[in-house]
Every structure is written in C-alpha cells, then in structure tokens.
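Accompanying notes for the structure given below.
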Amino acid sequence: MSQRIKIKALLQSTQTDVEVTVKGWVRTFRNNQFIALNDGSTNNNLQIVVDFQNTDEALLKRITTGAAISATGMLVASLGKGQTVEVKATSIEILGDSDPEKYPLQPKKHSLEFLREIAHLRFRTQTFGAIFRVRNSLAFAVHQFFQNQGFVYLHTPVITASDAEGAGEAFKVTNFDLANPPRTEDGQIDYKQDFFGKATNLTVSGQLEGELGAMALSDIYTFGPTFRAENSNTTRHLAEFWMIEPEMAFYDLQDNMNLAEGLLKYVISYALEHNREDLEFLNQRLLEEEKNKPQNERSEMTLIEKLEFCLNNDFERLTYTEAIDILINSTPNKKKKFQYPVEGWGTDLQSEHERYLVEKHFKKPVILTDYPKEIKAFYMRQNDDGKTVGAMDILFPGIGEIVGGSQREERLDRLEQRMDEMGIPKEELWWYLDTRRFGACPHSGFGLGFERLVLFVTGMGNIRDVIPFPRFPKNAEF
Ligand code: 4AD
Ligand code: MG
C-alpha cells in the first residue's frame, strides 16, 4: 500500500502519473463521480474521480458529506476547471460513515452563529480551517520573533494569589465544599484551610512573575492563557484568552514601543507569506460579506490590503493628552455622536474613541502614550509631571486596543507610595517589591492579546470565532 500523502503536498507536487493514497473528509460528492476531499492541510480540496460504473452501489452510497475516506489512485493532470491535478481512484475505503440525514454541516453556507453552536465540527468548514491555520502560524511566528532575538520563553503560573491588574476580575480557585466552607471565628471563609493555604485565583496576567524573570534573564516572554471574569459580552472580550507578555530589562518606553511595533509587523508579514491561500480565501469571504452592507459602511481596503498597509506604514505615536485634544474637537464629539462624550482630560477612552482615532482620524495603527495615572495600573512608571504614567496602548483598525504596556516603576519609594494610594496590599507582593530592593533597573513590557491579533489578521468580526472553544459569560460548552 502506498503511503498516505497530505493534500497540500500533493497539490504542490509536479509529478503526475504516480499512484497516491490520500485520506480525509468528504466535502461534497457530485454526480456520483466527483469527490471534493479535504484533510485540513490546505484550504483547497482535492478532486477524486470515481469510476462509478465499476464501483459497488452500496459503497457509492456511503460517500457522503462528512465521511472519512481513504482513496488510492493515479495522480493525473486534471481536465476540469479549478484544479491542476486530480486523483483517478482505483480503490476507495470508507473509514467512518457520516449519515447525511443527521450530519449538521450541509454543503451550503451556514451562519457563524450557527457554527458557534457546533464548534466541535466547525473546523471542517473552509472558513474555520483557514482561521485556525492562520492562528497556528501567528503563534509560531511569535515564538520565532522572540527566539531570534534571544528572548527566554518563561512559563508563568496559571494559579496565583495576586490580581496583577488590580481590577478584581479574577476567577477564584478553591477546593472547598462550596456549600460548607470552613470559617474563622468571626465567620469569614478560612482560606488558610484551603488547598494552597490562601485565597487563589486564575491568573489575569503573567506580567508580575515575568518581571521577576527579566530581572535576571534580561529578556523574557510569556505566551499562555489568561482569565478574566469581567462580564463583557462583546465581540472583543473573552473570559479565557491567550496573551503574549514580553518583559525587558533596560528598556525604556521608546524601546518598548519599537519592540511591539516590530513584533506586530513580523507576525503579520509571516502570515502573509506562509498563509497566502488562507488569507486570500478570508479576503474573498469578507468581500462577499461586505456586499450586504451599505456603501458607506464598507471598508476602504480589502483584508490583504489592510495587512500590507499595516506593514508598510509607521504606527502613529502620540500622547493621551494630544489624543484627547483631537477627540474633543472631533466632529462626532461636537455633534454628540459618541455614546460617551469626551469632556476633558482624565476620562478613560472608550472603544468608540479609540476607533475614531485609528479609523477616521489617522487611518492607521496608533500608539497612545502617557495616560493619566488614575486610569492605569499601579506598576506603571510615574512621569515627572506627577499626573501621567509611562503607559502605551496600541490601537488597531476594527479592533481598538490590541496591546497594553508600560515602562515599569522601578523606584521602590514611588512604587510603594502608589500602591498605598491605590490600596494594593504590599505584604502580599513582597516578592515583587524585592526586585526593587535588589538590583532594580529601568525595564518595560507589554501584553498582546493573541485573539485580537488573530481577529485582525483574519478579518473576522467576532473574537468567539478565532479561538477553538470560546469561553464567555454563560458559555463553557465543549
Ligand atoms: O491591557 P491589559 O489588561 O494589560 C495587561 O494585562 C498587562 N499586564 C500587560 C503587560 O503589560 N504585560 O491586557 C493586555 C491585552 C489587551 O491590550 C488586549 O489585547 C488583551 O490583552 N485583552 C483581552 N483579549 C480578549 N479578551 C479580554 N477579556 C481581554 N482583556 C485584555
Ligand atoms: Mg489595557
């Protein structure tokens, strides 16, 4: 028996008139003769031509959409349109039947909402095959980018006792019998008796532990799942998402921005180079989708043009203060078109404001720096003006915030003072403060939301469609 060959390799091979064996899932079976077979290695299907006159009727009936088959035959130049080669089958074996009456994926267009309900099968569609191959490439490119520059991949814990962002959005981790947890004398839950001897939660960010690594290894990055119990039912939020968090000793805010911009451009160009077919398919998908929109809501650029534009242009860099000026004087603000009017310095930016800056005003990715300290986390480095911190957020078209980062406060007295002001318990973060006691140095880092990146590169509209099994309020299916 000849060795199985993946369809991607087969479609690239120039050698015809050889016997091959392919295995995959039937997408369609036309005229009792033409099978479109897909094995996930590429967006393209392979055409298998069945000699139906010499094939058992019972076998032909079992070649149905969704069935797993093995086919052996001659690889020949194709006479039909749409493919250069096809396989003239000499034998077909059904590995797994798929009852066409019951199989939920019919060979027709299904809505993304419906496919989300059958996420266990949606990988088998062209759209999701393309998305998850692109996601895979982006993850690989992230590692390659950092590894090429000597960064150390550091695995920070998933279970922690701290809330790095201090936003109180952590999922609790406990081993207690919830109906009857042990209590202290004054009636509080006694976490000393819990599994870890203290209250613990799923991490919201690996940053604090990442900083510890950077204070010895110089440049580290994390890339793992993070969890947030924020009740945000939006197309940009997940309760479980993957984050890439580099942390670099001796980097100031400028270095930090340069690294982040370099990373984004590197991974986007990697996908353009290695996932051309998938991106062209997604490009086309978006064009079709946009046909149903009124002219003024359609994008000015196609997906691929948007990605190339992002590579070929410097991101616009400006301060929060400059951005607020632009927003206050903007037409939508004056005409009261924003849901949250921009009244003055100090307000947090909503995604409608971020998207105005990126999509309408600058028409390119934007890096905003130096935010008011009141709207940012305790660990960000305080600027000399006493009002702002060395923060940087990167805003992308169609997405809003894709990266959040800062230079870190390395001065012990300033850090402790800020923690006091914000009510962050210093005793619990004694280990974090130790790095400011022993060999502290200027350092910086950021967090890139991986799904927001995949959203941007695939042109999809909902973050729930770019992670295999999304977790969001009231949903943990699969
Ligand atoms: O801005 P955030 O909250 O920053 C941090 O967690 C820092 N500790 C990062 C650091 O400096 N090391 O989150 C960083 C990024 C956001 O810009 C966004 O892309 C993504 O993580 N993100 C989410 N993605 C999906 N669902 C959510 N609920 C997200 N919350 C944040
Ligand atoms: Mg943020």
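By convention here, the chains of the structure tokens are called A, B, ... in the order presented, each chain's residues are numbered starting at 1, and ligands are numbered starting at 1 in the order presented.
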Taking only C-alpha atoms and all ligand atoms into account, which residues are within 8 Å of ligand 2, as an mmCIF file with N, CA, C and O atoms, in the first residue's frame?
```
data_model
loop_
_atom_site.group_PDB
_atom_site.id
_atom_site.type_symbol
_atom_site.label_atom_id
_atom_site.label_comp_id
_atom_site.auth_asym_id
_atom_site.auth_seq_id
_atom_site.Cartn_x
_atom_site.Cartn_y
_atom_site.Cartn_z
ATOM 1 N N ASP A 393 -0.533 52.147 24.762
ATOM 2 C CA ASP A 393 -1.543 51.235 24.222
ATOM 3 C C ASP A 393 -1.451 51.312 22.708
ATOM 4 O O ASP A 393 -1.337 52.405 22.154
ATOM 5 N N GLU A 401 -8.028 48.525 21.174
ATOM 6 C CA GLU A 401 -6.775 48.177 21.860
ATOM 7 C C GLU A 401 -6.339 46.749 21.560
ATOM 8 O O GLU A 401 -7.056 45.799 21.813
ATOM 9 N N VAL A 403 -2.704 46.049 22.122
ATOM 10 C CA VAL A 403 -1.567 45.921 23.044
ATOM 11 C C VAL A 403 -1.734 46.922 24.175
ATOM 12 O O VAL A 403 -2.149 48.059 23.954
ATOM 13 N N GLY A 404 -1.408 46.469 25.391
ATOM 14 C CA GLY A 404 -1.332 47.395 26.524
ATOM 15 C C GLY A 404 -0.007 47.159 27.222
ATOM 16 O O GLY A 404 0.359 46.020 27.486
ATOM 17 N N GLY A 405 0.731 48.226 27.486
ATOM 18 C CA GLY A 405 2.025 48.030 28.147
ATOM 19 C C GLY A 405 2.502 49.293 28.814
ATOM 20 O O GLY A 405 1.798 50.305 28.833
#
```
Margin query: Could you list, as a list of chain:residue names, every residue within 8 Å of Asp51 (chain A), counting only C-alpha atoms and ignoring same-chain residues fewer than 3 positions away?
Written below: A:Gln33, A:Asn54, A:Thr55, A:Lys88, A:Ala89, A:Thr90
Writing out the chosen residues with N, CA and C atoms as a compact mmCIF listing (two decimals), in the first residue's frame:
```
# COMPACT_ATOMS: atom_id res chain seq x y z
N GLN A 33 -19.66 10.87 -9.00
CA GLN A 33 -18.39 10.75 -9.69
C GLN A 33 -17.26 11.58 -9.08
N ASN A 54 -17.91 1.00 -12.33
CA ASN A 54 -17.27 -0.22 -11.82
C ASN A 54 -17.14 -0.21 -10.30
N THR A 55 -17.96 0.63 -9.65
CA THR A 55 -17.90 0.68 -8.19
C THR A 55 -19.23 0.21 -7.62
N LYS A 88 -7.49 9.79 -10.01
CA LYS A 88 -8.44 8.81 -10.58
C LYS A 88 -8.40 7.59 -9.68
N ALA A 89 -9.48 7.42 -8.91
CA ALA A 89 -9.44 6.40 -7.86
C ALA A 89 -9.48 4.98 -8.42
N THR A 90 -8.65 4.14 -7.85
CA THR A 90 -8.75 2.72 -8.16
C THR A 90 -9.36 1.97 -6.99
```
Note to self: So that I can see what lies close to Leu272 (chain A), please list as a list in words the residues with an atom at most 9 Å from it, counting only C-alpha atoms and leaving out residues fewer than 6 positions away in the same chain.
What the structure shows: Leu279, Ile304, Leu307 and Glu308 of chain A
Keeping only N, CA, C and O atoms, write the selected residues as a tab-separated table (two decimals), in the first residue's frame.
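Once everything was written out, this is part_38.tsv:
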```
chain	number	residue	atom	x	y	z
A	279	LEU	N	-5.45	33.39	3.55
A	279	LEU	CA	-5.78	34.82	3.63
A	279	LEU	C	-6.53	35.27	2.39
A	279	LEU	O	-7.44	36.10	2.48
A	304	ILE	N	-6.36	41.93	2.67
A	304	ILE	CA	-4.93	41.83	2.35
A	304	ILE	C	-4.30	43.21	2.20
A	304	ILE	O	-3.19	43.45	2.68
A	307	LEU	N	-3.64	44.50	5.67
A	307	LEU	CA	-2.47	43.89	6.30
A	307	LEU	C	-1.19	44.48	5.72
A	307	LEU	O	-0.24	44.80	6.45
A	308	GLU	N	-1.18	44.64	4.40
A	308	GLU	CA	0.02	45.20	3.77
A	308	GLU	C	0.23	46.66	4.17
A	308	GLU	O	1.35	47.09	4.42
```
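One finds CA of Asn283 (chain A) at 22.1 Å from CA of Ala36 (chain A).
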Checklist line | Neighbour list for Lys363 (chain A) as a PyMOL selection string, cut-off 12 Å, only C-alpha atoms, skip fewer than 3 positions in-chain | finding: chain A and resi 299-301+306+309-310+313-316+354-360+366+395-398
Next item on the list: Would you list, as a PyMOL selection string, the residues of region 96-305 of chain A that end up in alpha helix (DSSP H) under DSSP run on this structure's backbone?
Entry: chain A and resi 112-117+126-148+207-217+253-274+276-290+303-305
Next item on the list: Identify, counting only C-alpha atoms and all ligand atoms, the protein, DNA and RNA residues located within 7 Å of ligand 1, and give them as a ChimeraX atom specification.
Entry: /A:164-165,204-207,228,230,236-241,243,245-246,393,401-406,445-452
Item checked: Spatial neighbours of Tyr371 (chain A), max dist 9 Å, only C-alpha atoms, sep filter under 3 positions, as a PyMOL selection string -> chain A and resi 319-321+346+348+368+374-376+387-392
For the residues in that selection, give me all heavy atoms as a short mmCIF file (atom, residue, chain, number, x, y, z; two decimals), in the first residue's frame.
```cif
data_model
loop_
_atom_site.label_atom_id
_atom_site.label_comp_id
_atom_site.auth_asym_id
_atom_site.auth_seq_id
_atom_site.Cartn_x
_atom_site.Cartn_y
_atom_site.Cartn_z
N THR A 319 0.65 61.32 22.43
CA THR A 319 0.30 61.15 23.84
C THR A 319 -1.21 61.13 24.02
O THR A 319 -1.97 61.60 23.15
CB THR A 319 0.87 62.30 24.70
OG1 THR A 319 0.22 63.51 24.29
CG2 THR A 319 2.38 62.44 24.55
N TYR A 320 -1.61 60.59 25.14
CA TYR A 320 -3.02 60.61 25.53
C TYR A 320 -3.55 62.04 25.47
O TYR A 320 -4.65 62.29 24.96
CB TYR A 320 -3.15 60.03 26.94
CG TYR A 320 -4.47 60.35 27.62
CD1 TYR A 320 -5.56 59.48 27.51
CD2 TYR A 320 -4.63 61.52 28.38
CE1 TYR A 320 -6.77 59.77 28.12
CE2 TYR A 320 -5.83 61.82 28.99
CZ TYR A 320 -6.89 60.94 28.86
OH TYR A 320 -8.09 61.25 29.46
N THR A 321 -2.76 62.99 25.98
CA THR A 321 -3.19 64.39 26.04
C THR A 321 -3.47 64.94 24.64
O THR A 321 -4.48 65.59 24.41
CB THR A 321 -2.11 65.24 26.75
OG1 THR A 321 -1.85 64.63 28.03
CG2 THR A 321 -2.57 66.67 26.96
N GLY A 346 -8.49 63.28 31.38
CA GLY A 346 -8.66 62.41 32.54
C GLY A 346 -9.64 61.29 32.31
O GLY A 346 -9.59 60.26 32.99
N ASP A 348 -11.31 58.00 30.71
CA ASP A 348 -10.79 56.81 30.06
C ASP A 348 -11.36 56.77 28.64
O ASP A 348 -12.48 57.19 28.41
CB ASP A 348 -11.23 55.57 30.85
CG ASP A 348 -10.29 54.40 30.60
OD1 ASP A 348 -9.40 54.53 29.73
OD2 ASP A 348 -10.43 53.37 31.28
N LEU A 368 -0.76 55.18 21.65
CA LEU A 368 -1.00 56.28 22.60
C LEU A 368 -0.13 56.07 23.83
O LEU A 368 -0.03 54.96 24.35
CB LEU A 368 -2.46 56.29 23.04
CG LEU A 368 -3.52 56.74 22.04
CD1 LEU A 368 -4.85 56.91 22.76
CD2 LEU A 368 -3.12 58.03 21.36
N GLU A 374 -4.47 57.84 37.05
CA GLU A 374 -5.71 57.35 37.68
C GLU A 374 -6.37 56.23 36.89
O GLU A 374 -7.12 55.44 37.45
CB GLU A 374 -6.73 58.49 37.85
CG GLU A 374 -6.46 59.42 39.01
CD GLU A 374 -5.32 60.38 38.73
OE1 GLU A 374 -5.00 60.59 37.53
OE2 GLU A 374 -4.74 60.90 39.71
N ILE A 375 -6.16 56.19 35.58
CA ILE A 375 -6.86 55.17 34.80
C ILE A 375 -5.93 54.02 34.41
O ILE A 375 -6.27 53.19 33.57
CB ILE A 375 -7.54 55.77 33.53
CG1 ILE A 375 -6.52 56.48 32.62
CG2 ILE A 375 -8.64 56.74 33.92
CD1 ILE A 375 -7.11 56.95 31.29
N LYS A 376 -4.74 53.95 35.05
CA LYS A 376 -3.82 52.87 34.71
C LYS A 376 -3.36 52.13 35.97
O LYS A 376 -3.56 52.58 37.09
CB LYS A 376 -2.62 53.43 33.94
CG LYS A 376 -2.97 53.86 32.51
CD LYS A 376 -3.30 52.65 31.63
CE LYS A 376 -3.64 53.02 30.20
NZ LYS A 376 -4.14 51.89 29.42
N LYS A 387 1.27 63.66 36.96
CA LYS A 387 -0.10 63.35 36.56
C LYS A 387 -0.22 62.11 35.67
O LYS A 387 -1.23 61.44 35.65
CB LYS A 387 -0.69 64.54 35.75
CG LYS A 387 -0.82 65.82 36.56
CD LYS A 387 -1.68 66.86 35.85
CE LYS A 387 -1.42 66.99 34.37
NZ LYS A 387 -1.87 68.26 33.77
N THR A 388 0.84 61.87 34.90
CA THR A 388 0.75 60.78 33.91
C THR A 388 1.76 59.68 34.22
O THR A 388 2.68 59.85 35.01
CB THR A 388 1.01 61.31 32.48
OG1 THR A 388 2.32 61.89 32.44
CG2 THR A 388 -0.01 62.35 32.07
N VAL A 389 1.53 58.53 33.55
CA VAL A 389 2.47 57.40 33.68
C VAL A 389 2.96 56.98 32.31
O VAL A 389 2.30 57.24 31.29
CB VAL A 389 1.81 56.20 34.39
CG1 VAL A 389 1.63 56.48 35.88
CG2 VAL A 389 0.47 55.83 33.74
N GLY A 390 4.11 56.29 32.28
CA GLY A 390 4.71 55.85 31.02
C GLY A 390 4.03 54.63 30.45
O GLY A 390 4.63 53.57 30.31
N ALA A 391 2.76 54.80 30.11
CA ALA A 391 1.96 53.71 29.54
C ALA A 391 1.98 53.80 28.03
O ALA A 391 2.23 54.87 27.47
CB ALA A 391 0.52 53.81 30.02
N MET A 392 1.72 52.70 27.36
CA MET A 392 1.49 52.75 25.91
C MET A 392 0.45 51.71 25.54
O MET A 392 0.51 50.57 25.95
CB MET A 392 2.80 52.51 25.15
CG MET A 392 3.42 51.16 25.35
SD MET A 392 3.39 50.27 23.78
CE MET A 392 4.25 48.77 24.18
#
```
